[in-house]
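Asks: Here you go, this is my_file.txt (compact mmCIF, C-alpha atoms).
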```
# COMPACT_ATOMS: atom_id res chain seq x y z
CA PRO A 292 -64.45 114.44 71.41
CA GLU A 293 -64.69 114.74 75.18
CA PRO A 294 -65.39 111.32 76.78
CA PRO A 295 -69.01 111.07 78.01
CA GLU A 296 -67.94 109.51 81.35
CA GLY A 297 -70.71 106.91 81.14
CA GLY A 298 -73.73 106.10 78.97
CA TRP A 299 -72.94 103.24 76.59
CA GLY A 300 -69.51 103.28 78.22
CA TRP A 301 -70.85 101.21 81.14
CA VAL A 302 -71.83 98.42 78.70
CA VAL A 303 -68.37 98.65 77.14
CA MET A 304 -66.86 98.45 80.62
CA LEU A 305 -68.76 95.20 81.37
CA ALA A 306 -67.69 93.71 78.02
CA ALA A 307 -64.06 94.67 78.69
CA MET A 308 -64.40 93.18 82.17
CA TRP A 309 -65.52 89.85 80.66
CA CYS A 310 -62.57 90.04 78.26
CA ASN A 311 -60.07 90.43 81.11
CA GLY A 312 -61.79 87.64 83.01
CA ALA A 313 -61.88 85.15 80.14
CA VAL A 314 -58.32 85.82 78.95
CA PHE A 315 -56.44 86.08 82.23
CA GLY A 316 -58.75 83.84 84.23
CA ILE A 317 -57.69 80.96 81.95
CA GLN A 318 -54.06 82.08 81.87
CA ASN A 319 -53.78 82.51 85.65
CA SER A 320 -55.38 79.11 86.26
CA CYS A 321 -52.61 77.46 84.27
CA GLY A 322 -51.24 75.87 87.47
CA ILE A 323 -54.23 73.49 87.53
CA LEU A 324 -53.85 72.73 83.81
CA PHE A 325 -50.08 72.32 84.29
CA VAL A 326 -50.52 69.56 86.90
CA SER A 327 -53.10 67.84 84.67
CA MET A 328 -50.74 68.00 81.66
CA LEU A 329 -47.92 66.49 83.73
CA ARG A 330 -50.16 63.52 84.53
CA LEU A 331 -51.60 63.13 81.04
CA PHE A 332 -48.52 63.58 78.86
CA GLY A 333 -45.63 62.81 81.23
CA SER A 334 -43.75 59.71 82.24
CA SER A 335 -41.40 58.99 85.14
CA GLU A 336 -38.54 58.42 82.68
CA ASP A 337 -38.67 61.98 81.32
CA LYS A 338 -35.98 64.00 83.12
CA GLN A 339 -37.12 67.36 81.67
CA LEU A 340 -40.85 66.93 82.16
CA ALA A 341 -41.47 70.14 84.16
CA PHE A 342 -39.32 72.15 81.75
CA LYS A 343 -41.14 70.95 78.61
CA THR A 344 -44.64 71.21 80.10
CA ALA A 345 -44.03 74.70 81.49
CA TRP A 346 -43.43 75.94 77.94
CA VAL A 347 -47.13 75.47 77.09
CA SER A 348 -48.43 77.92 79.72
CA SER A 349 -45.39 80.17 79.52
CA LEU A 350 -45.55 80.45 75.74
CA SER A 351 -49.27 81.19 75.96
CA MET A 352 -48.87 84.05 78.44
CA GLY A 353 -45.83 85.38 76.58
CA MET A 354 -47.62 85.42 73.22
CA VAL A 355 -50.52 87.41 74.70
CA PHE A 356 -48.03 90.22 75.26
CA PHE A 357 -45.64 89.52 72.37
CA CYS A 358 -48.39 90.20 69.80
CA SER A 359 -49.34 93.49 71.43
CA PRO A 360 -47.29 95.85 69.20
CA ILE A 361 -48.91 94.24 66.12
CA VAL A 362 -52.34 94.42 67.77
CA SER A 363 -51.87 98.13 68.49
CA VAL A 364 -51.16 98.77 64.79
CA PHE A 365 -54.30 96.88 63.72
CA THR A 366 -56.33 98.66 66.42
CA ASP A 367 -55.21 102.06 65.12
CA LEU A 368 -55.93 101.04 61.52
CA PHE A 369 -59.24 99.20 61.83
CA GLY A 370 -60.65 100.12 65.26
CA CYS A 371 -61.24 98.26 68.51
CA ARG A 372 -64.43 96.44 67.52
CA LYS A 373 -63.15 94.56 64.45
CA VAL A 374 -59.84 93.59 66.05
CA ALA A 375 -61.50 92.33 69.26
CA VAL A 376 -64.11 90.24 67.42
CA ILE A 377 -61.60 88.60 65.07
CA GLY A 378 -59.21 87.98 67.97
CA ALA A 379 -61.87 86.22 70.03
CA ALA A 380 -62.74 84.02 67.02
CA VAL A 381 -59.09 83.00 66.55
CA GLY A 382 -58.75 82.29 70.29
CA LEU A 383 -61.86 80.11 70.17
CA VAL A 384 -60.40 78.07 67.27
CA GLY A 385 -57.08 77.67 69.09
CA LEU A 386 -58.65 76.50 72.35
CA LEU A 387 -61.01 74.10 70.59
CA SER A 388 -58.19 72.56 68.53
CA SER A 389 -56.15 72.11 71.74
CA SER A 390 -58.79 69.68 72.97
CA PHE A 391 -58.00 67.19 70.17
CA VAL A 392 -54.22 66.74 70.60
CA SER A 393 -52.65 63.51 71.89
CA THR A 394 -49.10 64.71 72.78
CA ILE A 395 -47.60 67.79 74.42
CA GLU A 396 -45.85 69.17 71.30
CA PRO A 397 -48.96 70.27 69.29
CA LEU A 398 -50.09 72.28 72.33
CA TYR A 399 -47.16 74.61 71.77
CA PHE A 400 -48.93 75.78 68.60
CA THR A 401 -52.65 75.35 69.34
CA TYR A 402 -52.63 76.61 72.95
CA GLY A 403 -49.30 78.43 73.19
CA ILE A 404 -49.56 80.40 69.93
CA LEU A 405 -52.98 80.25 68.25
CA PHE A 406 -55.13 80.59 71.39
CA ALA A 407 -52.76 83.15 72.90
CA CYS A 408 -52.61 85.31 69.74
CA GLY A 409 -56.41 85.37 69.65
CA CYS A 410 -56.48 86.42 73.31
CA SER A 411 -53.99 89.20 72.57
CA PHE A 412 -56.09 90.60 69.70
CA ALA A 413 -59.17 90.47 71.94
CA TYR A 414 -57.50 91.89 75.05
CA GLN A 415 -55.72 95.07 74.00
CA PRO A 416 -58.74 96.77 72.37
CA SER A 417 -60.53 96.33 75.72
CA LEU A 418 -57.97 98.71 77.28
CA VAL A 419 -57.97 101.25 74.43
CA ILE A 420 -61.77 101.52 74.08
CA LEU A 421 -62.15 102.63 77.70
CA GLY A 422 -60.33 105.88 76.85
CA HIS A 423 -63.10 106.66 74.33
CA TYR A 424 -65.72 106.75 77.10
CA PHE A 425 -63.88 107.74 80.30
CA LYS A 426 -61.23 110.24 81.38
CA LYS A 427 -61.93 111.47 84.91
CA ARG A 428 -63.03 107.99 86.03
CA LEU A 429 -60.46 106.08 83.97
CA GLY A 430 -58.55 104.78 87.01
CA LEU A 431 -61.73 103.50 88.68
CA VAL A 432 -63.03 101.93 85.45
CA ASN A 433 -59.67 100.27 84.77
CA GLY A 434 -59.77 98.87 88.29
CA ILE A 435 -63.25 97.40 87.73
CA VAL A 436 -62.32 96.00 84.30
CA THR A 437 -59.09 94.37 85.46
CA ALA A 438 -60.93 92.98 88.48
CA GLY A 439 -62.73 90.75 85.96
CA SER A 440 -59.64 88.54 85.72
CA SER A 441 -59.64 88.26 89.53
CA LEU A 442 -63.25 87.07 89.60
CA PHE A 443 -62.43 84.38 87.05
CA THR A 444 -59.14 83.51 88.77
CA VAL A 445 -61.09 82.94 91.99
CA SER A 446 -63.77 80.72 90.47
CA LEU A 447 -62.02 78.89 87.61
CA PRO A 448 -59.56 76.78 89.68
CA PHE A 449 -62.42 75.05 91.52
CA LEU A 450 -64.40 74.61 88.31
CA LEU A 451 -61.36 73.27 86.46
CA LYS A 452 -60.51 70.80 89.21
CA VAL A 453 -64.07 69.42 89.19
CA LEU A 454 -64.19 69.28 85.38
CA ILE A 455 -60.77 67.63 84.99
CA SER A 456 -61.57 64.95 87.58
CA SER A 457 -64.98 64.22 86.05
CA VAL A 458 -64.68 64.77 82.27
CA ASP A 459 -60.84 64.83 81.71
CA LEU A 460 -58.61 67.64 80.36
CA TYR A 461 -59.84 67.53 76.76
CA ASN A 462 -63.52 68.11 77.60
CA THR A 463 -62.51 70.76 80.12
CA LEU A 464 -60.86 72.75 77.32
CA ARG A 465 -64.08 72.41 75.29
CA VAL A 466 -66.09 73.84 78.21
CA LEU A 467 -63.68 76.79 78.37
CA CYS A 468 -64.55 77.50 74.72
CA ILE A 469 -67.89 78.86 76.00
CA LEU A 470 -66.00 81.73 77.65
CA MET A 471 -64.32 82.57 74.35
CA PHE A 472 -67.62 82.50 72.46
CA VAL A 473 -69.14 85.02 74.90
CA LEU A 474 -65.98 87.10 74.45
CA PHE A 475 -66.60 87.00 70.68
CA LEU A 476 -70.08 88.47 71.25
CA ALA A 477 -68.79 91.05 73.75
CA GLY A 478 -66.44 92.52 71.14
CA PHE A 479 -69.41 93.84 69.15
CA THR A 480 -70.19 96.33 71.97
CA TYR A 481 -66.95 98.30 71.36
CA LYS A 482 -68.61 101.20 69.55
CA PRO A 483 -65.79 103.68 68.78
CA LEU A 484 -66.14 107.41 69.51
CA ILE A 485 -62.77 108.33 67.98
CA PRO A 486 -62.34 107.51 64.26
CA ASN A 487 -59.60 105.03 63.36
CA THR A 488 -56.99 105.53 60.64
CA LYS A 489 -59.03 103.59 58.06
CA ASP A 490 -62.07 105.83 58.58
CA LYS A 491 -59.97 109.02 58.47
CA GLU A 492 -58.17 108.08 55.26
CA GLY A 493 -61.35 106.72 53.67
CA GLY A 494 -63.24 109.90 54.56
CA LYS A 495 -60.64 112.06 52.86
CA ASN A 496 -60.04 110.07 49.70
CA GLY A 497 -63.18 108.02 49.25
CA LYS A 498 -61.23 104.77 49.46
CA PHE A 499 -58.82 103.43 52.05
CA LYS A 500 -55.08 103.67 51.44
CA LEU A 501 -52.47 102.51 53.93
CA PRO A 502 -50.81 105.46 55.68
CA PRO A 503 -47.00 105.84 55.72
CA ALA A 504 -44.99 103.34 57.76
CA LYS A 505 -44.13 106.04 60.31
CA LYS A 506 -47.83 106.42 61.13
CA ILE A 507 -48.45 102.67 61.25
CA CYS A 508 -45.59 101.97 63.68
CA ASN A 509 -45.41 105.05 65.88
CA PHE A 510 -41.92 104.73 67.34
CA SER A 511 -42.05 108.39 68.36
CA VAL A 512 -43.31 107.31 71.79
CA PHE A 513 -39.73 106.16 72.49
CA LYS A 514 -38.58 109.77 72.16
CA VAL A 515 -40.26 110.36 75.53
CA LEU A 516 -37.50 109.53 78.04
CA SER A 517 -39.88 108.75 80.91
CA TYR A 518 -41.73 106.27 78.68
CA ARG A 519 -38.43 104.63 77.64
CA ILE A 520 -37.48 104.05 81.27
CA TRP A 521 -40.96 102.66 81.99
CA ALA A 522 -40.97 100.43 78.90
CA PHE A 523 -37.64 98.81 79.83
CA GLY A 524 -37.94 98.95 83.63
CA ILE A 525 -41.16 96.92 83.79
CA PRO A 526 -39.86 94.01 81.63
CA ALA A 527 -36.73 93.96 83.80
CA ALA A 528 -39.01 93.36 86.80
CA LEU A 529 -41.02 90.57 85.18
CA PHE A 530 -38.50 87.74 84.74
CA GLY A 531 -39.86 86.07 87.86
CA TYR A 532 -43.37 87.51 87.88
CA PHE A 533 -45.23 84.60 86.22
CA VAL A 534 -43.23 81.82 87.98
CA PRO A 535 -45.61 81.44 90.99
CA TYR A 536 -48.68 81.21 88.73
CA VAL A 537 -47.18 78.28 86.80
CA HIS A 538 -45.23 76.39 89.46
CA LEU A 539 -46.88 77.15 92.80
CA MET A 540 -49.38 74.29 92.53
CA ASN A 541 -46.63 71.76 91.82
CA HIS A 542 -44.46 73.22 94.60
CA VAL A 543 -47.32 72.66 97.07
CA LYS A 544 -47.61 69.03 95.92
CA ASP A 545 -43.86 68.57 96.40
CA SER A 546 -43.87 70.18 99.87
CA PHE A 547 -47.22 69.14 101.37
CA GLY A 548 -48.43 66.24 99.19
CA ASP A 549 -52.14 65.85 98.48
CA SER A 550 -53.17 66.67 102.05
CA VAL A 551 -53.84 70.38 101.34
CA PRO A 552 -56.22 72.06 98.86
CA GLU A 553 -53.66 73.82 96.65
CA GLU A 554 -56.37 75.59 94.60
CA VAL A 555 -57.05 77.72 97.71
CA LEU A 556 -53.83 79.58 96.90
CA LEU A 557 -55.17 80.65 93.50
CA LEU A 558 -58.37 81.67 95.27
CA CYS A 559 -56.34 83.89 97.62
CA LEU A 560 -54.38 85.39 94.73
CA GLY A 561 -57.59 86.08 92.80
CA ILE A 562 -59.58 87.62 95.66
CA THR A 563 -56.91 90.01 96.89
CA SER A 564 -55.87 90.86 93.33
CA GLY A 565 -59.46 91.96 92.64
CA VAL A 566 -59.55 93.98 95.86
CA GLY A 567 -56.20 95.55 94.97
CA ARG A 568 -57.42 96.57 91.52
CA LEU A 569 -60.52 98.25 92.88
CA ILE A 570 -58.70 100.04 95.71
CA PHE A 571 -55.54 101.12 93.89
CA GLY A 572 -57.44 101.95 90.70
CA ARG A 573 -59.42 104.51 92.69
CA VAL A 574 -56.36 105.69 94.64
CA ALA A 575 -54.54 106.32 91.34
CA ASP A 576 -57.23 108.87 90.34
CA TYR A 577 -56.12 111.03 93.29
CA ILE A 578 -52.36 110.78 92.64
CA PRO A 579 -51.26 113.49 90.21
CA GLY A 580 -49.39 112.79 86.99
CA ALA A 581 -46.48 110.38 86.79
CA LYS A 582 -46.34 109.98 90.57
CA LYS A 583 -48.73 107.06 90.03
CA ILE A 584 -45.52 105.14 89.22
CA TYR A 585 -44.74 104.93 92.94
CA LEU A 586 -47.68 102.53 93.32
CA GLN A 587 -46.01 100.19 90.82
CA VAL A 588 -42.68 100.56 92.63
CA ALA A 589 -44.31 99.47 95.89
CA SER A 590 -46.10 96.59 94.18
CA PHE A 591 -42.87 95.23 92.63
CA PHE A 592 -41.08 95.49 95.97
CA PHE A 593 -43.72 93.42 97.77
CA ILE A 594 -44.16 90.91 94.91
CA GLY A 595 -40.40 90.25 94.90
CA LEU A 596 -40.34 89.88 98.67
CA MET A 597 -43.32 87.50 98.68
CA SER A 598 -41.75 85.31 95.93
CA MET A 599 -38.63 84.91 98.07
CA MET A 600 -40.74 83.95 101.09
CA ILE A 601 -42.55 81.05 99.35
CA PRO A 602 -39.76 78.48 100.03
CA LEU A 603 -39.59 79.62 103.68
CA CYS A 604 -43.25 78.74 104.32
CA LYS A 605 -43.18 75.38 106.09
CA VAL A 606 -46.87 75.48 107.03
CA PHE A 607 -49.73 75.89 104.56
CA GLY A 608 -51.23 78.85 106.47
CA ALA A 609 -48.06 80.90 105.93
CA LEU A 610 -48.26 80.18 102.20
CA VAL A 611 -51.87 81.42 102.20
CA ALA A 612 -50.76 84.70 103.84
CA VAL A 613 -48.00 85.15 101.25
CA CYS A 614 -50.48 84.64 98.40
CA LEU A 615 -52.90 87.15 99.91
CA PHE A 616 -50.23 89.88 99.92
CA MET A 617 -48.92 88.89 96.49
CA GLY A 618 -52.40 89.10 94.96
CA LEU A 619 -53.05 92.52 96.50
CA PHE A 620 -49.97 94.08 94.93
CA ASP A 621 -50.42 92.16 91.70
CA GLY A 622 -53.76 93.98 91.38
CA CYS A 623 -52.05 97.30 92.12
CA PHE A 624 -49.46 96.76 89.37
CA ILE A 625 -51.95 95.75 86.67
CA CYS A 626 -54.80 98.24 87.19
CA ILE A 627 -52.70 101.40 86.79
CA MET A 628 -50.80 100.44 83.64
CA ALA A 629 -53.24 102.19 81.26
CA PRO A 630 -53.56 105.40 83.38
CA ILE A 631 -49.74 105.67 83.56
CA ALA A 632 -49.48 105.24 79.78
CA PHE A 633 -52.02 108.07 79.31
CA GLU A 634 -49.93 110.29 81.61
CA LEU A 635 -46.58 109.60 79.92
CA VAL A 636 -47.50 109.80 76.20
CA GLY A 637 -51.03 111.26 76.01
CA ALA A 638 -54.27 109.84 74.62
CA GLN A 639 -53.21 110.10 70.97
CA ASP A 640 -50.32 107.62 71.26
CA VAL A 641 -51.57 105.45 74.11
CA SER A 642 -52.58 102.45 71.97
CA GLN A 643 -49.10 101.87 70.57
CA ALA A 644 -47.44 102.85 73.84
CA ILE A 645 -49.32 100.05 75.62
CA GLY A 646 -48.65 97.71 72.69
CA PHE A 647 -44.88 98.23 72.73
CA LEU A 648 -44.78 97.84 76.50
CA LEU A 649 -46.74 94.57 76.46
CA GLY A 650 -44.55 93.31 73.61
CA LEU A 651 -41.40 93.97 75.64
CA MET A 652 -43.01 92.27 78.65
CA SER A 653 -43.51 89.07 76.66
CA VAL A 654 -39.85 88.02 76.67
CA PRO A 655 -39.25 87.86 80.44
CA MET A 656 -42.71 86.41 81.11
CA THR A 657 -42.07 83.63 78.57
CA VAL A 658 -38.54 82.81 79.69
CA GLY A 659 -39.04 82.85 83.48
CA PRO A 660 -41.27 79.77 84.08
CA PRO A 661 -39.28 77.32 81.87
CA ILE A 662 -36.06 78.36 83.67
CA ALA A 663 -37.80 77.71 86.98
CA GLY A 664 -38.94 74.30 85.65
CA LEU A 665 -35.37 73.52 84.53
CA LEU A 666 -34.05 74.36 88.01
CA ARG A 667 -36.71 72.07 89.51
CA ASP A 668 -35.68 69.22 87.19
CA LYS A 669 -31.97 69.69 88.02
CA LEU A 670 -32.18 70.38 91.78
CA GLY A 671 -35.30 68.42 92.69
CA THR A 672 -36.83 71.44 94.45
CA TYR A 673 -38.32 74.84 93.58
CA ASP A 674 -36.54 76.73 96.41
CA VAL A 675 -33.77 78.31 94.30
CA ALA A 676 -36.26 79.12 91.52
CA PHE A 677 -38.50 81.13 93.88
CA TYR A 678 -35.54 82.91 95.49
CA LEU A 679 -34.28 83.99 92.07
CA ALA A 680 -37.82 84.95 90.93
CA GLY A 681 -37.91 87.60 93.66
CA VAL A 682 -34.79 89.45 92.51
CA PRO A 683 -35.96 91.02 89.17
CA PRO A 684 -39.02 92.81 90.70
CA LEU A 685 -36.71 94.54 93.20
CA ILE A 686 -34.36 95.68 90.42
CA GLY A 687 -37.21 96.81 88.15
CA GLY A 688 -38.88 98.73 90.98
CA ALA A 689 -35.63 100.62 91.66
CA ILE A 690 -35.41 101.63 87.97
CA LEU A 691 -39.01 102.95 87.96
CA CYS A 692 -38.27 105.30 90.88
CA PHE A 693 -36.56 107.74 88.48
CA ILE A 694 -39.59 108.23 86.21
CA PRO A 695 -41.54 110.96 88.12
CA TRP A 696 -38.40 113.11 88.36
CA VAL A 697 -37.57 112.62 84.65
CA HIS A 698 -41.19 113.28 83.63
CA GLU A 699 -41.30 116.57 85.56
CA ARG A 700 -38.11 117.72 83.83
CA GLU A 701 -39.62 116.86 80.43
CA LYS A 702 -42.76 118.85 81.26
CA LEU A 703 -40.68 121.86 82.28
CA LYS A 704 -38.85 121.74 78.95
CA GLU A 705 -42.16 121.56 77.09
CA ARG A 706 -43.48 124.57 79.01
CA ALA A 707 -40.33 126.53 78.17
CA LYS A 708 -40.84 126.11 74.41
CA PRO A 709 -44.12 128.09 74.13
CA VAL A 710 -42.65 130.85 76.31
CA ASP A 711 -39.71 131.22 73.92
CA GLY A 712 -42.14 131.30 71.02
CA GLU A 713 -44.17 134.07 72.64
CA THR A 714 -41.13 136.22 73.32
CA THR A 715 -39.95 135.94 69.71
CA GLU A 716 -43.45 136.87 68.50
CA LYS A 717 -43.43 139.96 70.73
CA MET A 718 -39.98 140.92 69.41
CA LEU A 719 -41.24 140.63 65.84
CA GLU A 720 -44.30 142.74 66.69
CA ASN A 721 -42.09 145.44 68.26
CA GLU A 722 -39.86 145.46 65.19
CA SER A 723 -42.87 145.84 62.88
CA THR A 724 -44.25 148.75 64.93
CA LEU A 725 -40.85 150.46 64.83
CA VAL A 726 -40.66 150.06 61.06
CA SER A 727 -44.22 151.36 60.63
CA ASP A 728 -43.46 154.36 62.86
CA THR A 729 -40.36 155.33 60.86
CA THR A 730 -42.23 155.09 57.55
CA GLU A 731 -45.21 157.07 58.80
CA LYS A 732 -43.20 160.07 60.08
CA PRO A 733 -41.85 161.23 56.68
CA VAL A 734 -45.26 160.87 55.14
CA LYS A 735 -46.78 163.12 57.83
CA GLU A 736 -44.00 165.72 57.34
CA LEU A 737 -44.67 165.76 53.59
CA ASP A 738 -48.40 166.17 54.19
CA SER A 739 -47.83 169.11 56.53
CA GLY A 740 -45.38 170.77 54.04
CA PHE A 741 -48.01 170.86 51.32
```
Could I get this structure in the form of structure tokens?
Replies:
Amino acid sequence: PEPPEGGWGWVVMLAAMWCNGAVFGIQNSCGILFVSMLRLFGSSEDKQLAFKTAWVSSLSMGMVFFCSPIVSVFTDLFGCRKVAVIGAAVGLVGLLSSSFVSTIEPLYFTYGILFACGCSFAYQPSLVILGHYFKKRLGLVNGIVTAGSSLFTVSLPFLLKVLISSVDLYNTLRVLCILMFVLFLAGFTYKPLIPNTKDKEGGKNGKFKLPPAKKICNFSVFKVLSYRIWAFGIPAALFGYFVPYVHLMNHVKDSFGDSVPEEVLLLCLGITSGVGRLIFGRVADYIPGAKKIYLQVASFFFIGLMSMMIPLCKVFGALVAVCLFMGLFDGCFICIMAPIAFELVGAQDVSQAIGFLLGLMSVPMTVGPPIAGLLRDKLGTYDVAFYLAGVPPLIGGAILCFIPWVHEREKLKERAKPVDGETTEKMLENESTLVSDTTEKPVKELDSGF
């Protein structure tokens, strides 16, 4: 059915906005939690403290994306509502159990895997369900929804710092469980307008039977060359993407001590990221087809450049300016992912297209921060880590530049196929008329002879 462009869709949009806020607000505030974990679980004798602690936040963010291909399959089978609700419940259990650990190792499972998997199952349906209700306004709505994480990223660092200093890390995690409980309730608003595979199969046969494996895992999206370039170009750009979110707070402590409010940097990232999502989400609606990719190219270029500039900032004000620009283009990159997926593969395959992409993104986003932590442990400074973090976005952005050209060529080939079909049909029609003419002439001659 044609999307209604509103109605109940506005309620769904607000629920999806809360989902983005709760999931990525907590994930993006990991710098505050990281410093608290260093204090709580670390000791001066541990030579790999930053490396081991970084795995908690890095594994958590990576698992959010790593589970995405599986989530897309479940979303296609059972619908957005059921998957989102169950995911939020699992995330709530994971976060609550993280508040009862006494060493760093159990957090790898409770926070890094269980909580993150729940977040992944809650997050992806929030992107897919928007396509049920919006088409013309999809860029704008995606901008508003993804701005939810910016609002939480702006406010959570201050809240977390107050909570950690007053009620310790464990009780802070229990307070964050409230966000996950509201997310659990928000999932019930995802009323589907397009039937899922379970409903289709059940409607035909009376009882549900799993479809063939080819339908469950739709690898046909990789036949689209422009999608293949996109799906491998973006992960190539993301090896250093998550490094500032994890290590920037500790870098500020190393460089400036406790004399500066380091949470202001997360505030700057959050505010401009929200502004970027609203602006570039709307701008993307006016850019035709796959040319939206150029916005992501520009965002990767500036994110890479800003990462390299972090070690060069010898005054706190310069670091604030860098974070403002980085947040702006971070918002640009994130808000147009779903609209680009719709352009490259179409609405029918968009769920699994997004799922495969997020799954591929998980590897570089998981590996990057621990490597940066290892460099910090070995060299005693984050400078080399931030310089190296800026290189992959530049490479990935260069790869993405080819997509609009490739996509146009694919569209031209697709247009050529129906034309060939029409010409063959016309040839067959001409042949049939010739045959009918030759058979009719003798009959007429016989009629006239008698």
Asks: Counting all atoms listed in the file, write as a PDB file with C-alpha atoms, in the coordinates of the input all protein and nucleic acid residues lying at most 12 Å from (-46.2, 75.7, 67.7) in the file's frame.
Replies:
```pdb
ATOM      1  CA  TRP A 346     -43.430  75.940  77.940  1.00  0.00           C
ATOM      2  CA  VAL A 347     -47.130  75.470  77.090  1.00  0.00           C
ATOM      3  CA  LEU A 350     -45.550  80.450  75.740  1.00  0.00           C
ATOM      4  CA  SER A 351     -49.270  81.190  75.960  1.00  0.00           C
ATOM      5  CA  MET A 354     -47.620  85.420  73.220  1.00  0.00           C
ATOM      6  CA  GLY A 385     -57.080  77.670  69.090  1.00  0.00           C
ATOM      7  CA  SER A 389     -56.150  72.110  71.740  1.00  0.00           C
ATOM      8  CA  ILE A 395     -47.600  67.790  74.420  1.00  0.00           C
ATOM      9  CA  GLU A 396     -45.850  69.170  71.300  1.00  0.00           C
ATOM     10  CA  PRO A 397     -48.960  70.270  69.290  1.00  0.00           C
ATOM     11  CA  LEU A 398     -50.090  72.280  72.330  1.00  0.00           C
ATOM     12  CA  TYR A 399     -47.160  74.610  71.770  1.00  0.00           C
ATOM     13  CA  PHE A 400     -48.930  75.780  68.600  1.00  0.00           C
ATOM     14  CA  THR A 401     -52.650  75.350  69.340  1.00  0.00           C
ATOM     15  CA  TYR A 402     -52.630  76.610  72.950  1.00  0.00           C
ATOM     16  CA  GLY A 403     -49.300  78.430  73.190  1.00  0.00           C
ATOM     17  CA  ILE A 404     -49.560  80.400  69.930  1.00  0.00           C
ATOM     18  CA  LEU A 405     -52.980  80.250  68.250  1.00  0.00           C
ATOM     19  CA  PHE A 406     -55.130  80.590  71.390  1.00  0.00           C
ATOM     20  CA  ALA A 407     -52.760  83.150  72.900  1.00  0.00           C
ATOM     21  CA  CYS A 408     -52.610  85.310  69.740  1.00  0.00           C
TER      22      CYS A 408
END
```
Asks: Compile the contact shell of stretch 316-323 of chain A as number ranges by chain: residues with an atom at most 9 Å away, counting all atoms listed in the file, same-chain residues fewer than 3 positions apart removed.
Replies: A: 311-313, 326-328, 348, 351-352, 439-448, 451-452, 467, 533, 535-541, 554, 557, 561
Asks: A:Val543: which residues within 12 Å, counting all atoms listed in the file, same-chain residues fewer than 4 positions away excluded, as a PyMOL selection string?
Replies: chain A and resi 322-323+326+535+537-539+547-557+601-602+604-608+610-611+672-674
Asks: List the neighbours of A:Val466 out to 10 Å using all atoms listed in the file; skip same-chain residues closer than 2 positions along the sequence, and give me the result as a compact mmCIF listing (two decimals) with C-alpha atoms, in the frame of the given file.
Replies:
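Okay, this is what ended up in result27.txt:
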```txt
# COMPACT_ATOMS: atom_id res chain seq x y z
CA LEU A 386 -58.65 76.50 72.35
CA LEU A 387 -61.01 74.10 70.59
CA SER A 390 -58.79 69.68 72.97
CA LEU A 451 -61.36 73.27 86.46
CA LEU A 454 -64.19 69.28 85.38
CA LEU A 460 -58.61 67.64 80.36
CA TYR A 461 -59.84 67.53 76.76
CA ASN A 462 -63.52 68.11 77.60
CA THR A 463 -62.51 70.76 80.12
CA LEU A 464 -60.86 72.75 77.32
CA CYS A 468 -64.55 77.50 74.72
CA ILE A 469 -67.89 78.86 76.00
CA LEU A 470 -66.00 81.73 77.65
CA MET A 471 -64.32 82.57 74.35
```
Asks: So, with all atoms listed in the file as the atoms that count, which of A:Gly478, A:Pro695, A:Gly430, A:Pro483 lies closest to A:Gly370?
Replies: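 The answer is A:Pro483, which sits nearest to A:Gly370.
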